[in-house]
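Trainee: For reference, the file query_16.cif (mmCIF, C-alpha atoms) is included below:
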```cif
data_coords
#
loop_
_atom_site.group_PDB
_atom_site.id
_atom_site.type_symbol
_atom_site.label_atom_id
_atom_site.label_comp_id
_atom_site.auth_asym_id
_atom_site.auth_seq_id
_atom_site.Cartn_x
_atom_site.Cartn_y
_atom_site.Cartn_z
ATOM 1 C CA MET B 1 26.052 49.317 48.885
ATOM 2 C CA PRO B 2 29.044 46.892 48.949
ATOM 3 C CA THR B 3 28.995 44.355 51.788
ATOM 4 C CA HIS B 4 32.109 45.691 53.536
ATOM 5 C CA ALA B 5 30.775 49.245 53.413
ATOM 6 C CA MET B 6 27.461 48.072 54.861
ATOM 7 C CA ALA B 7 29.268 46.147 57.603
ATOM 8 C CA ARG B 8 31.259 49.276 58.445
ATOM 9 C CA ARG B 9 28.072 51.357 58.549
ATOM 10 C CA LEU B 10 26.429 48.794 60.847
ATOM 11 C CA ARG B 11 29.467 48.885 63.106
ATOM 12 C CA GLN B 12 29.250 52.670 63.267
ATOM 13 C CA VAL B 13 25.554 52.531 64.147
ATOM 14 C CA ALA B 14 26.294 49.893 66.792
ATOM 15 C CA ALA B 15 29.098 52.073 68.196
ATOM 16 C CA LEU B 16 26.694 55.021 68.401
ATOM 17 C CA LEU B 17 24.148 52.884 70.258
ATOM 18 C CA VAL B 18 26.839 51.637 72.661
ATOM 19 C CA LEU B 19 27.724 55.284 73.252
ATOM 20 C CA VAL B 20 24.086 56.020 74.152
ATOM 21 C CA VAL B 21 23.867 53.012 76.500
ATOM 22 C CA ALA B 22 27.172 53.808 78.221
ATOM 23 C CA GLY B 23 26.366 57.530 78.296
ATOM 24 C CA VAL B 24 23.000 57.005 79.993
ATOM 25 C CA HIS B 25 24.601 54.696 82.562
ATOM 26 C CA PHE B 26 27.343 57.239 83.303
ATOM 27 C CA GLN B 27 24.822 60.099 83.571
ATOM 28 C CA GLN B 28 22.700 58.037 85.964
ATOM 29 C CA TYR B 29 25.790 57.138 87.987
ATOM 30 C CA VAL B 30 26.700 60.806 88.373
ATOM 31 C CA ASP B 31 23.070 61.788 89.010
ATOM 32 C CA PHE B 32 22.373 59.408 91.907
ATOM 33 C CA MET B 33 23.425 55.827 91.245
ATOM 34 C CA SER B 34 26.785 56.393 92.927
ATOM 35 C CA GLU B 35 24.801 56.304 96.197
ATOM 36 C CA VAL B 36 23.389 52.860 95.490
ATOM 37 C CA PRO B 37 25.517 49.952 96.678
ATOM 38 C CA THR B 38 26.515 47.349 94.051
ATOM 39 C CA VAL B 39 24.200 48.700 91.349
ATOM 40 C CA GLY B 40 26.113 51.991 91.322
ATOM 41 C CA VAL B 41 29.379 50.152 90.666
ATOM 42 C CA LEU B 42 27.695 48.141 87.920
ATOM 43 C CA PHE B 43 26.571 51.399 86.276
ATOM 44 C CA LEU B 44 30.137 52.715 86.330
ATOM 45 C CA LEU B 45 31.467 49.433 84.922
ATOM 46 C CA ASN B 46 28.802 49.553 82.223
ATOM 47 C CA ALA B 47 29.937 53.056 81.217
ATOM 48 C CA ALA B 48 33.634 52.154 81.257
ATOM 49 C CA GLY B 49 33.053 48.855 79.473
ATOM 50 C CA GLY B 50 30.855 50.558 76.905
ATOM 51 C CA ALA B 51 33.538 53.154 76.165
ATOM 52 C CA GLY B 52 36.123 50.402 75.686
ATOM 53 C CA LEU B 53 33.831 48.385 73.426
ATOM 54 C CA LEU B 54 32.986 51.486 71.414
ATOM 55 C CA LEU B 55 36.639 52.220 70.683
ATOM 56 C CA ALA B 56 37.433 48.578 70.000
ATOM 57 C CA MET B 57 34.525 48.372 67.587
ATOM 58 C CA LEU B 58 35.722 51.372 65.620
ATOM 59 C CA GLY B 59 39.317 50.132 65.566
ATOM 60 C CA GLY B 60 40.820 48.727 62.407
ATOM 61 C CA ASP B 61 41.465 45.204 63.667
ATOM 62 C CA ARG B 62 38.685 42.918 62.400
ATOM 63 C CA VAL B 63 39.058 40.302 65.149
ATOM 64 C CA ILE B 64 39.031 42.880 67.938
ATOM 65 C CA ALA B 65 36.040 44.603 66.349
ATOM 66 C CA LEU B 66 34.216 41.266 66.155
ATOM 67 C CA LEU B 67 34.996 40.553 69.819
ATOM 68 C CA ALA B 68 33.809 44.059 70.696
ATOM 69 C CA MET B 69 30.558 43.406 68.854
ATOM 70 C CA ILE B 70 30.039 40.202 70.837
ATOM 71 C CA GLY B 71 30.887 42.117 74.026
ATOM 72 C CA SER B 72 28.446 44.880 73.102
ATOM 73 C CA LEU B 73 25.728 42.316 72.515
ATOM 74 C CA GLY B 74 26.440 40.950 76.000
ATOM 75 C CA LEU B 75 26.391 44.473 77.434
ATOM 76 C CA ALA B 76 23.009 45.208 75.831
ATOM 77 C CA ILE B 77 21.460 41.892 76.888
ATOM 78 C CA GLY B 78 22.875 42.203 80.421
ATOM 79 C CA SER B 79 21.585 45.758 80.770
ATOM 80 C CA LEU B 80 18.146 44.796 79.467
ATOM 81 C CA VAL B 81 17.848 41.804 81.799
ATOM 82 C CA SER B 82 18.968 43.976 84.716
ATOM 83 C CA ILE B 83 16.367 46.663 84.088
ATOM 84 C CA VAL B 84 13.635 44.040 83.657
ATOM 85 C CA ILE B 85 14.597 42.590 87.054
ATOM 86 C CA ALA B 86 14.751 46.054 88.642
ATOM 87 C CA LEU B 87 11.298 46.883 87.263
ATOM 88 C CA ASN B 88 9.579 43.537 87.865
ATOM 89 C CA GLY B 89 11.590 41.760 90.517
ATOM 90 C CA SER B 90 11.625 38.695 88.294
ATOM 91 C CA PHE B 91 12.899 37.539 84.931
ATOM 92 C CA LEU B 92 11.191 35.070 82.580
ATOM 93 C CA GLY B 93 8.916 33.966 85.363
ATOM 94 C CA VAL B 94 11.780 33.302 87.759
ATOM 95 C CA ALA B 95 10.924 35.268 90.882
ATOM 96 C CA LEU B 96 13.900 37.000 92.438
ATOM 97 C CA ASP B 97 13.814 38.947 95.690
ATOM 98 C CA GLY B 98 11.715 41.654 94.069
ATOM 99 C CA SER B 99 14.677 43.811 93.156
ATOM 100 C CA PHE B 100 18.046 43.966 91.434
ATOM 101 C CA PHE B 101 20.671 43.759 94.203
ATOM 102 C CA GLY B 102 18.206 45.475 96.531
ATOM 103 C CA TYR B 103 17.364 48.190 94.013
ATOM 104 C CA GLN B 104 13.901 48.496 92.515
ATOM 105 C CA GLU B 105 12.750 50.862 89.798
ATOM 106 C CA THR B 106 9.231 52.109 90.358
ATOM 107 C CA THR B 107 8.641 53.911 87.063
ATOM 108 C CA LEU B 108 9.878 53.927 83.496
ATOM 109 C CA ARG B 109 11.895 57.127 83.744
ATOM 110 C CA LEU B 110 13.099 58.840 80.544
ATOM 111 C CA PRO B 111 16.751 57.681 80.915
ATOM 112 C CA ILE B 112 15.492 54.107 81.272
ATOM 113 C CA VAL B 113 13.369 54.423 78.139
ATOM 114 C CA ILE B 114 16.322 55.863 76.179
ATOM 115 C CA ALA B 115 18.642 53.094 77.393
ATOM 116 C CA VAL B 116 16.122 50.322 76.729
ATOM 117 C CA VAL B 117 15.430 51.574 73.191
ATOM 118 C CA ALA B 118 19.188 51.828 72.497
ATOM 119 C CA GLU B 119 19.777 48.341 73.934
ATOM 120 C CA VAL B 120 17.005 46.730 71.880
ATOM 121 C CA LEU B 121 18.257 48.445 68.710
ATOM 122 C CA LEU B 122 21.807 47.425 69.565
ATOM 123 C CA ILE B 123 20.780 43.784 69.891
ATOM 124 C CA LEU B 124 18.994 43.943 66.534
ATOM 125 C CA VAL B 125 21.856 45.746 64.795
ATOM 126 C CA LEU B 126 24.502 43.376 66.178
ATOM 127 C CA ALA B 127 22.732 40.053 66.002
ATOM 128 C CA LEU B 128 22.399 40.027 62.215
ATOM 129 C CA PRO B 129 26.038 40.706 61.173
ATOM 130 C CA LEU B 130 27.343 38.598 64.059
ATOM 131 C CA VAL B 131 25.373 35.575 62.933
ATOM 132 C CA ARG B 132 26.580 36.180 59.370
ATOM 133 C CA ASN B 133 30.184 36.568 60.567
ATOM 134 C CA ILE B 134 30.063 33.417 62.652
ATOM 135 C CA ARG B 135 28.536 31.427 59.758
ATOM 136 C CA ARG B 136 31.276 32.703 57.470
ATOM 137 C CA GLY B 137 33.924 31.765 60.055
ATOM 138 C CA MET L 1 47.127 57.265 66.633
ATOM 139 C CA GLN L 2 45.313 53.939 66.547
ATOM 140 C CA ILE L 3 41.957 53.668 68.281
ATOM 141 C CA LYS L 4 43.217 50.539 70.054
ATOM 142 C CA SER L 5 45.723 52.630 71.973
ATOM 143 C CA LEU L 6 42.858 54.817 73.265
ATOM 144 C CA ILE L 7 40.875 51.955 74.809
ATOM 145 C CA LEU L 8 42.830 51.526 78.030
ATOM 146 C CA PRO L 9 43.251 55.263 78.758
ATOM 147 C CA THR L 10 39.523 55.840 78.107
ATOM 148 C CA LEU L 11 38.466 52.997 80.395
ATOM 149 C CA SER L 12 40.859 54.226 83.047
ATOM 150 C CA ALA L 13 39.635 57.813 82.685
ATOM 151 C CA ILE L 14 35.988 56.799 83.184
ATOM 152 C CA VAL L 15 36.749 54.608 86.174
ATOM 153 C CA VAL L 16 38.997 57.308 87.680
ATOM 154 C CA ALA L 17 36.293 59.934 87.037
ATOM 155 C CA GLY L 18 33.720 57.718 88.721
ATOM 156 C CA VAL L 19 35.915 56.918 91.683
ATOM 157 C CA GLY L 20 36.890 60.591 91.948
ATOM 158 C CA TYR L 21 33.249 61.569 91.930
ATOM 159 C CA GLN L 22 32.535 58.982 94.603
ATOM 160 C CA LEU L 23 35.402 60.284 96.773
ATOM 161 C CA ALA L 24 34.399 63.906 96.240
ATOM 162 C CA ASN L 25 30.906 63.124 97.434
ATOM 163 C CA HIS L 26 31.702 60.712 100.201
ATOM 164 C CA GLY L 27 35.356 61.290 100.992
ATOM 165 C CA SER L 28 34.610 63.506 103.941
ATOM 166 C CA HIS L 29 32.408 60.905 105.577
ATOM 167 C CA THR L 30 33.982 59.403 108.644
ATOM 168 C CA SER L 31 33.589 55.803 109.564
ATOM 169 C CA GLY L 32 32.592 54.703 113.032
ATOM 170 C CA PRO L 33 29.471 54.082 115.005
ATOM 171 C CA VAL L 34 26.214 55.143 113.446
ATOM 172 C CA PRO L 35 24.968 58.301 115.170
ATOM 173 C CA SER L 36 21.953 57.852 117.350
ATOM 174 C CA VAL L 37 19.792 60.875 117.930
ATOM 175 C CA PRO L 38 17.972 61.085 121.245
ATOM 176 C CA VAL L 39 14.954 63.266 120.854
ATOM 177 C CA THR L 40 12.719 64.803 123.459
ATOM 178 C CA ALA L 41 10.507 66.791 121.104
ATOM 179 C CA HIS L 42 7.000 65.615 120.326
ATOM 180 C CA HIS L 43 7.574 65.928 116.620
ATOM 181 C CA VAL L 44 10.741 64.972 114.788
ATOM 182 C CA SER L 45 11.749 64.708 111.157
ATOM 183 C CA VAL L 46 13.656 62.053 109.282
ATOM 184 C CA LYS L 47 15.125 63.158 105.988
ATOM 185 C CA ILE L 48 15.489 60.682 103.168
ATOM 186 C CA VAL L 49 18.445 61.839 101.149
ATOM 187 C CA ASN L 50 21.028 60.091 98.969
ATOM 188 C CA PHE L 51 19.362 56.713 99.485
ATOM 189 C CA ALA L 52 19.651 56.891 103.267
ATOM 190 C CA TYR L 53 17.573 57.889 106.278
ATOM 191 C CA ALA L 54 18.950 60.743 108.341
ATOM 192 C CA PRO L 55 19.271 60.068 111.173
ATOM 193 C CA PRO L 56 19.565 56.305 110.784
ATOM 194 C CA THR L 57 18.783 55.711 114.446
ATOM 195 C CA LEU L 58 16.264 57.735 116.350
ATOM 196 C CA THR L 59 15.173 57.528 119.986
ATOM 197 C CA ILE L 60 11.826 59.094 120.787
ATOM 198 C CA LYS L 61 9.247 59.101 123.548
ATOM 199 C CA VAL L 62 5.877 57.402 123.277
ATOM 200 C CA GLY L 63 3.410 59.723 121.583
ATOM 201 C CA THR L 64 6.016 61.400 119.383
ATOM 202 C CA ARG L 65 5.136 62.038 115.768
ATOM 203 C CA VAL L 66 7.784 61.311 113.165
ATOM 204 C CA THR L 67 7.716 62.885 109.726
ATOM 205 C CA TRP L 68 9.607 61.321 106.845
ATOM 206 C CA ALA L 69 10.469 63.762 104.075
ATOM 207 C CA ASN L 70 11.869 62.504 100.802
ATOM 208 C CA LYS L 71 14.531 64.761 99.293
ATOM 209 C CA ASP L 72 15.645 62.217 96.682
ATOM 210 C CA SER L 73 14.468 62.127 93.094
ATOM 211 C CA SER L 74 13.694 58.422 93.551
ATOM 212 C CA PRO L 75 10.559 57.416 95.445
ATOM 213 C CA HIS L 76 11.097 55.786 98.832
ATOM 214 C CA THR L 77 9.101 54.331 101.693
ATOM 215 C CA ALA L 78 9.655 53.898 105.411
ATOM 216 C CA THR L 79 8.240 50.453 106.082
ATOM 217 C CA SER L 80 8.663 48.626 109.369
ATOM 218 C CA ASN L 81 10.316 45.229 109.066
ATOM 219 C CA GLU L 82 7.528 43.659 111.063
ATOM 220 C CA THR L 83 3.885 44.647 111.129
ATOM 221 C CA GLY L 84 3.780 48.225 112.291
ATOM 222 C CA PHE L 85 3.952 51.242 110.070
ATOM 223 C CA ASP L 86 4.322 52.106 106.419
ATOM 224 C CA THR L 87 4.527 55.560 104.922
ATOM 225 C CA GLY L 88 3.645 54.269 101.479
ATOM 226 C CA SER L 89 5.486 55.603 98.444
ATOM 227 C CA LEU L 90 6.952 59.061 98.994
ATOM 228 C CA THR L 91 7.937 60.804 95.802
ATOM 229 C CA LYS L 92 10.349 63.722 95.802
ATOM 230 C CA GLY L 93 9.265 66.485 98.162
ATOM 231 C CA LYS L 94 6.489 64.420 99.752
ATOM 232 C CA ARG L 95 6.254 63.774 103.476
ATOM 233 C CA THR L 96 4.227 61.564 105.773
ATOM 234 C CA THR L 97 3.817 61.690 109.540
ATOM 235 C CA ILE L 98 3.265 58.716 111.814
ATOM 236 C CA GLN L 99 2.653 58.831 115.554
ATOM 237 C CA PHE L 100 4.318 56.221 117.772
ATOM 238 C CA ASN L 101 2.072 55.288 120.686
ATOM 239 C CA LYS L 102 3.775 52.059 121.728
ATOM 240 C CA ALA L 103 7.225 51.558 123.242
ATOM 241 C CA GLY L 104 9.613 49.299 121.388
ATOM 242 C CA THR L 105 12.325 49.149 118.773
ATOM 243 C CA PHE L 106 11.142 49.410 115.217
ATOM 244 C CA ALA L 107 13.545 48.527 112.437
ATOM 245 C CA TYR L 108 12.398 49.770 109.084
ATOM 246 C CA HIS L 109 13.498 49.845 105.480
ATOM 247 C CA CYS L 110 12.590 51.201 102.063
ATOM 248 C CA SER L 111 10.430 48.692 100.239
ATOM 249 C CA PHE L 112 11.923 49.802 96.896
ATOM 250 C CA HIS L 113 15.555 49.794 98.029
ATOM 251 C CA ALA L 114 16.208 47.015 100.498
ATOM 252 C CA PHE L 115 19.675 48.316 101.405
ATOM 253 C CA MET L 116 18.126 51.430 102.994
ATOM 254 C CA THR L 117 17.567 50.594 106.640
ATOM 255 C CA ALA L 118 17.099 52.513 109.909
ATOM 256 C CA THR L 119 15.718 52.098 113.417
ATOM 257 C CA ILE L 120 13.374 53.966 115.711
ATOM 258 C CA LYS L 121 13.487 53.316 119.448
ATOM 259 C CA VAL L 122 10.354 54.382 121.236
ATOM 260 C CA VAL L 123 10.789 54.740 125.023
ATOM 261 C CA SER L 124 8.141 55.394 127.598
#
```
As a first step, turn the structure in this file into structure tokens.

Mentor:
Amino acid sequence: MPTHAMARRLRQVAALLVLVVAGVHFQQYVDFMSEVPTVGVLFLLNAAGGAGLLLAMLGGDRVIALLAMIGSLGLAIGSLVSIVIALNGSFLGVALDGSFFGYQETTLRLPIVIAVVAEVLLILVLALPLVRNIRRG
Amino acid sequence: MQIKSLILPTLSAIVVAGVGYQLANHGSHTSGPVPSVPVTAHHVSVKIVNFAYAPPTLTIKVGTRVTWANKDSSPHTATSNETGFDTGSLTKGKRTTIQFNKAGTFAYHCSFHAFMTATIKVVS
């Protein structure tokens, strides 16, 4: 497969994964997260930001798409770190107050598993072409 | 139509939908002092719903039994801020009863969700 076609395919896969991440966050916001102070707002911002990144990634402009890929990588990493903190109350050995803005997850619920899998895949899918893009300038 | 031109309207639509949802669910709430419920019964219930205790402030007599019932899908606890009582984890539909035999004011919280707080005043 030609390089540009592969890059486009990767972008489409990344966009799909962003859609899953943003979709899960929006579903959780509607389900109950809207009741949770601070974290609820972050869920809504995640969904809105994800939708914007998704569209930007699929847009024709190469620079905007590249920025959207970097943004999506940040979104995935941020979401992953947040859920680790909410589940463990700490991150990389740094003890926080036992929760994420006062919110603690007690179990690995299905939406969390779906989001975590999508975020990990998103990081893997984006990291490779991003590194290649940055090396190429 | 270019995808770029869809970005802003889509972001706006999601934020507006979220804010609209928030208003639809909470818009009718009135601000003001937190209601305090004086209770004379020997057994009262506190509902845990939408990440809050209802009622948030309860006044009871010594010897009254209080039952916490969790209506949320998330597990919650009712844990006194100082040494006192702890319902332990209450999953959806579960309830636990604790009897208050000592007068005093007991502030409590959910050990999973620190922003959930309430108070029980026990009078003799």

Trainee: The PyMOL selection byres ((chain L and resi 57) around 6) on the file shown: which residues, as a list in words?

Mentor: Ser36, Pro55, Pro56, Leu58, Ala118, Thr119 and Ile120 of chain L

Trainee: Figure out the distance between atom CA of Ser72 of chain B and atom CA of Phe32 of chain B, please, to one decimal in Å.

Mentor: 24.5 Å

Trainee: As a check of understanding, name the residues that the PyMOL selection byres ((chain L and resi 116) around 12) selects in the supplied structure, as a ChimeraX atom specification.

Mentor: /B:35-37,101-104 /L:48-56,76-81,107-115,117-119

Trainee: Write the residues of the selection above to a file with C-alpha atoms, as a PDB file, in the coordinates of the input.

Mentor:
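As a result, again_27.pdb now contains:
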```pdb
ATOM      1  CA  GLU B  35      24.801  56.304  96.197  1.00  0.00           C
ATOM      2  CA  VAL B  36      23.389  52.860  95.490  1.00  0.00           C
ATOM      3  CA  PRO B  37      25.517  49.952  96.678  1.00  0.00           C
ATOM      4  CA  PHE B 101      20.671  43.759  94.203  1.00  0.00           C
ATOM      5  CA  GLY B 102      18.206  45.475  96.531  1.00  0.00           C
ATOM      6  CA  TYR B 103      17.364  48.190  94.013  1.00  0.00           C
ATOM      7  CA  GLN B 104      13.901  48.496  92.515  1.00  0.00           C
TER       8      GLN B 104
ATOM      9  CA  ILE L  48      15.489  60.682 103.168  1.00  0.00           C
ATOM     10  CA  VAL L  49      18.445  61.839 101.149  1.00  0.00           C
ATOM     11  CA  ASN L  50      21.028  60.091  98.969  1.00  0.00           C
ATOM     12  CA  PHE L  51      19.362  56.713  99.485  1.00  0.00           C
ATOM     13  CA  ALA L  52      19.651  56.891 103.267  1.00  0.00           C
ATOM     14  CA  TYR L  53      17.573  57.889 106.278  1.00  0.00           C
ATOM     15  CA  ALA L  54      18.950  60.743 108.341  1.00  0.00           C
ATOM     16  CA  PRO L  55      19.271  60.068 111.173  1.00  0.00           C
ATOM     17  CA  PRO L  56      19.565  56.305 110.784  1.00  0.00           C
ATOM     18  CA  HIS L  76      11.097  55.786  98.832  1.00  0.00           C
ATOM     19  CA  THR L  77       9.101  54.331 101.693  1.00  0.00           C
ATOM     20  CA  ALA L  78       9.655  53.898 105.411  1.00  0.00           C
ATOM     21  CA  THR L  79       8.240  50.453 106.082  1.00  0.00           C
ATOM     22  CA  SER L  80       8.663  48.626 109.369  1.00  0.00           C
ATOM     23  CA  ASN L  81      10.316  45.229 109.066  1.00  0.00           C
ATOM     24  CA  ALA L 107      13.545  48.527 112.437  1.00  0.00           C
ATOM     25  CA  TYR L 108      12.398  49.770 109.084  1.00  0.00           C
ATOM     26  CA  HIS L 109      13.498  49.845 105.480  1.00  0.00           C
ATOM     27  CA  CYS L 110      12.590  51.201 102.063  1.00  0.00           C
ATOM     28  CA  SER L 111      10.430  48.692 100.239  1.00  0.00           C
ATOM     29  CA  PHE L 112      11.923  49.802  96.896  1.00  0.00           C
ATOM     30  CA  HIS L 113      15.555  49.794  98.029  1.00  0.00           C
ATOM     31  CA  ALA L 114      16.208  47.015 100.498  1.00  0.00           C
ATOM     32  CA  PHE L 115      19.675  48.316 101.405  1.00  0.00           C
ATOM     33  CA  THR L 117      17.567  50.594 106.640  1.00  0.00           C
ATOM     34  CA  ALA L 118      17.099  52.513 109.909  1.00  0.00           C
ATOM     35  CA  THR L 119      15.718  52.098 113.417  1.00  0.00           C
TER      36      THR L 119
END
```

Trainee: Using 10 Å as the limit and counting all atoms listed in the file, can you tabulate each residue of chain B that touches chain L, with its shortest atom-to-atom distance in Å and the two atoms involved, as JSON lines?

Mentor:
```
{"residue": "B:Phe26", "atom": "CA", "partner": "L:Gly18", "partner_atom": "CA", "distance": 8.4}
{"residue": "B:Tyr29", "atom": "CA", "partner": "L:Gly18", "partner_atom": "CA", "distance": 8.0}
{"residue": "B:Val30", "atom": "CA", "partner": "L:Tyr21", "partner_atom": "CA", "distance": 7.5}
{"residue": "B:Asp31", "atom": "CA", "partner": "L:Ser73", "partner_atom": "CA", "distance": 9.5}
{"residue": "B:Phe32", "atom": "CA", "partner": "L:Asn50", "partner_atom": "CA", "distance": 7.2}
{"residue": "B:Met33", "atom": "CA", "partner": "L:Asn50", "partner_atom": "CA", "distance": 9.1}
{"residue": "B:Ser34", "atom": "CA", "partner": "L:Gln22", "partner_atom": "CA", "distance": 6.5}
{"residue": "B:Glu35", "atom": "CA", "partner": "L:Asn50", "partner_atom": "CA", "distance": 6.0}
{"residue": "B:Val36", "atom": "CA", "partner": "L:Phe51", "partner_atom": "CA", "distance": 6.9}
{"residue": "B:Pro37", "atom": "CA", "partner": "L:Phe115", "partner_atom": "CA", "distance": 7.7}
{"residue": "B:Gly40", "atom": "CA", "partner": "L:Gly18", "partner_atom": "CA", "distance": 9.9}
{"residue": "B:Val41", "atom": "CA", "partner": "L:Gly18", "partner_atom": "CA", "distance": 8.9}
{"residue": "B:Phe43", "atom": "CA", "partner": "L:Gly18", "partner_atom": "CA", "distance": 9.8}
{"residue": "B:Leu44", "atom": "CA", "partner": "L:Gly18", "partner_atom": "CA", "distance": 6.6}
{"residue": "B:Leu45", "atom": "CA", "partner": "L:Val15", "partner_atom": "CA", "distance": 7.5}
{"residue": "B:Ala47", "atom": "CA", "partner": "L:Ile14", "partner_atom": "CA", "distance": 7.4}
{"residue": "B:Ala48", "atom": "CA", "partner": "L:Leu11", "partner_atom": "CA", "distance": 5.0}
{"residue": "B:Gly49", "atom": "CA", "partner": "L:Leu11", "partner_atom": "CA", "distance": 6.9}
{"residue": "B:Gly50", "atom": "CA", "partner": "L:Leu11", "partner_atom": "CA", "distance": 8.7}
{"residue": "B:Ala51", "atom": "CA", "partner": "L:Leu11", "partner_atom": "CA", "distance": 6.5}
{"residue": "B:Gly52", "atom": "CA", "partner": "L:Ile7", "partner_atom": "CA", "distance": 5.1}
{"residue": "B:Leu53", "atom": "CA", "partner": "L:Ile7", "partner_atom": "CA", "distance": 8.0}
{"residue": "B:Leu54", "atom": "CA", "partner": "L:Ile7", "partner_atom": "CA", "distance": 8.6}
{"residue": "B:Leu55", "atom": "CA", "partner": "L:Ile7", "partner_atom": "CA", "distance": 5.9}
{"residue": "B:Ala56", "atom": "CA", "partner": "L:Lys4", "partner_atom": "CA", "distance": 6.1}
{"residue": "B:Met57", "atom": "CA", "partner": "L:Ile3", "partner_atom": "CA", "distance": 9.2}
{"residue": "B:Leu58", "atom": "CA", "partner": "L:Ile3", "partner_atom": "CA", "distance": 7.2}
{"residue": "B:Gly59", "atom": "CA", "partner": "L:Ile3", "partner_atom": "CA", "distance": 5.2}
{"residue": "B:Gly60", "atom": "CA", "partner": "L:Ile3", "partner_atom": "CA", "distance": 7.8}
{"residue": "B:Asp61", "atom": "CA", "partner": "L:Lys4", "partner_atom": "CA", "distance": 8.5}
{"residue": "B:Ile64", "atom": "CA", "partner": "L:Lys4", "partner_atom": "CA", "distance": 9.0}
{"residue": "B:Ala86", "atom": "CA", "partner": "L:Phe112", "partner_atom": "CA", "distance": 9.5}
{"residue": "B:Asp97", "atom": "CA", "partner": "L:Ala114", "partner_atom": "CA", "distance": 9.7}
{"residue": "B:Gly98", "atom": "CA", "partner": "L:Phe112", "partner_atom": "CA", "distance": 8.6}
{"residue": "B:Ser99", "atom": "CA", "partner": "L:Phe112", "partner_atom": "CA", "distance": 7.6}
{"residue": "B:Phe100", "atom": "CA", "partner": "L:His113", "partner_atom": "CA", "distance": 9.1}
{"residue": "B:Phe101", "atom": "CA", "partner": "L:Ala114", "partner_atom": "CA", "distance": 8.4}
{"residue": "B:Gly102", "atom": "CA", "partner": "L:Ala114", "partner_atom": "CA", "distance": 4.7}
{"residue": "B:Tyr103", "atom": "CA", "partner": "L:His113", "partner_atom": "CA", "distance": 4.7}
{"residue": "B:Gln104", "atom": "CA", "partner": "L:Phe112", "partner_atom": "CA", "distance": 5.0}
{"residue": "B:Glu105", "atom": "CA", "partner": "L:Phe112", "partner_atom": "CA", "distance": 7.2}
{"residue": "B:Thr106", "atom": "CA", "partner": "L:Phe112", "partner_atom": "CA", "distance": 7.4}
{"residue": "B:Thr107", "atom": "CA", "partner": "L:Pro75", "partner_atom": "CA", "distance": 9.3}
```

Trainee: Interatomic distance between atom CA of Val117 of chain B and atom CA of Lys71 of chain L?

Mentor: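 The value is 29.3 Å.
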
Trainee: Could you please determine the separation between atom CA of Leu66 of chain B and atom CA of Arg11 of chain B in Å, to one decimal place?

Mentor: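 We find that atom CA of Leu66 of chain B and atom CA of Arg11 of chain B lie 9.5 Å from each other.
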
Trainee: Quick one: which residues end up in the PyMOL selection byres ((chain B and resi 69) around 12) for this structure, as a PyMOL selection string?

Mentor: chain B and resi 7-8+10-15+17-18+50+52-59+62-68+70-76+122-131+133-134
